[in-house]
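Single-structure report; data block below.
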Amino acid sequence: MIISFGVAGVWFVLFLVSFLRDQRLLRNGVYLVLTLLFAGLGVVFALEKVSESAAKVLVVAVLVCIPLSIAVLAVFLIANGVVMLRREGRRPANLLSLLAGLGIIGFVVFSVLVQQIGWRPLEIVRSVLIGVLTYVSFLFVCFLVYALVYGRFRFSRKVDFIVVLGAGLRGSRVPPLLASRLDRAHAVYDQQTRKGRTPQLITSGGQGPDEDVPESHAMADYLIEHGVPADRVLREDRSTSTFENLTFSREIMVGLVPKYRCLVVTNNFHVLRAAFIARKAKVNGQVIGSPTAAYYWPSATIREFIAILADHRLANTVIVLLILAHALLPVI
């Protein structure tokens with residue numbers, strides 16, 4: 001019990017130090033989840049001291065909840081995938097929750113078949129898949145937990161700029177997803193002005209092949225139509241990605257206020273990855289989120305997580321190779 005709580009304390013100290021140094025790090029989520037994991041073990045051991053039967057009931061309940069949660073998750077993801085296809089169309093990005101749900105069911109069926117067949121090569125494949133899925137699942141939990149923590153954190157310091165990231169237009173119209181970002185940015189602008197501050201808004205986004213105007217221009221027009229003074233809105237109209245959004249916006253901010261501080265506004269599912277990218281782009285600011293339709297959130301979150309895995313492809317490749325080597329070691 002003491003050891004578990006002690007280890008949890010060490011991870012929590014690492015989390016606090018890393019978080020206070022820079023909130024825009026994925027390892028903060030890893031430290032936090034490890035803190036919760038070892039604290040949970042400590043609770044089990046402490047409960048065992050009081051009532052051994054109660055501790056056993058708790059452990060059994062957790063063990064039962066794991067497969068039950070996986071089954072519920074698979075069904076939920078498939079149902080959500082169907083909704084995504086109906087409302088958003090059959091673009092690859094809209095298939096992610098459906099594919100994830102089917103993948104979970106497929107892996108369970110595969111594992112049962114391998115156990116029945118008992119063929120060593122298939123057992124090795126299953127072992128590798130279990131290792132990789134365990135690793136990816138752990139990272140996904142870290143991502144979700146820290147995204148929740150980071151998204152709830154309130155950044156109330158004075159800012160010089162509010163940067164709104166583009167999200168695509170429908171011709172020249174601002175769609176609901178992008179409108180939610182602009183509305184959140186407008187609300188933050190109003191909060192700042194009520195405190196006697198005068199931030200400038202930067203709408204960031206270039207013109208895509210299926211767009212009639214640059215995103216930043218349509219975004220600026222939306223803000224002005226909704227009451228933001230035109231002289232408080234700047235346009236960054238060259239970018240084609242989040243990294244470029246932030247890099248080109250940084251150039252504008254540095255040119256006007258060398259020691260600037262800013263807030264970046266995006267949708268809630270994109271907040272954590274945008275924060276990682278802001279750190280990479282050397283932007284002096286944090287990221288806040290705007291609401292997203294509930295049905296859209298699962299696929300969008302999976303897409304963001306895949307992008308983060310891709311951003312750390314070297315480290316992830318090394319770990320997957322180690323898992324593969326561990327599975328093949330008994331054979332060799």
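Residues in the structure tokens are numbered from 1 in each chain, the chains being A, B, ... in the order shown, and ligands are numbered from 1 in the order shown.
Taking only segment 186-299 of chain A, the residues that DSSP calls strand (DSSP E or B) from the backbone come to Gln200, Leu201, Ile202, Thr203, Ser204, Glu211, Val233, Leu234, Arg235, Glu236, Cys262, Leu263, Val264, Val265, Thr266, Asn267, Gly285, Gln286, Val287, Ile288, Gly289 and Ser290 of chain A.
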Might you pull out every residue within 9 Å of segment 292-300 of chain A, with only C-alpha atoms counted and same-chain residues fewer than 5 positions away left off, and present them as a VMD selection string?
chain A and resid 77 80 to 81 83 to 84 88 93 to 98 176 to 177 180 267 to 270 305
Skipping near chain neighbours, those fewer than 6 positions away, what residues fall within 9 Å of segment 218-223 of chain A using only C-alpha atoms, listed as a list in words?
Val164, Gly166, Leu169, Ser172, Arg173, Val174, Leu178, Ala179, Leu182, Asp183, Ala185, His186, Leu201, Ile202, Thr203, Ser204, Gly205, Pro229, Ala230, Val233, Leu234 and Arg235 of chain A
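For the residues A:Arg184, A:Tyr189, A:Ile2, A:Thr301, ranking by smallest atom-to-atom distance to Lys49 of chain A using only C-alpha atoms places A:Ile2 first.
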Long-range neighbours of Ile3 of chain A as number ranges by chain, 10 Å cut-off, only C-alpha atoms, 2 positions minimum in chain
A: 1, 5-9, 38-39, 41-42
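Among A:Val283, A:Val254, A:Gly103, A:Phe143, the residue with the shortest atom-to-atom distance to Tyr31 of chain A, counting only C-alpha atoms, is A:Phe143.
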Using DSSP assignments from the backbone, pull out every residue in segment 19-246 of chain A that falls under helix (DSSP H, G or I) and give it to me as a ChimeraX atom specification.
/A:19-21,26-50,52-88,92-117,120-152,176-194,215-225,230-232,242-246
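Restricting the calculation to only C-alpha atoms, the smallest distance between Ser137 of chain A and any of A:Ala167, A:Ala278, A:Leu329, A:Ile104 is found for A:Ile104.
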Can you measure atom CA of Gly118 of chain A to atom CA of Ala327 of chain A for me? One decimal in Å is fine.
15.9 Å
Interatomic distance between atom CA of Gly206 of chain A and atom CA of Arg238 of chain A?
4.6 Å
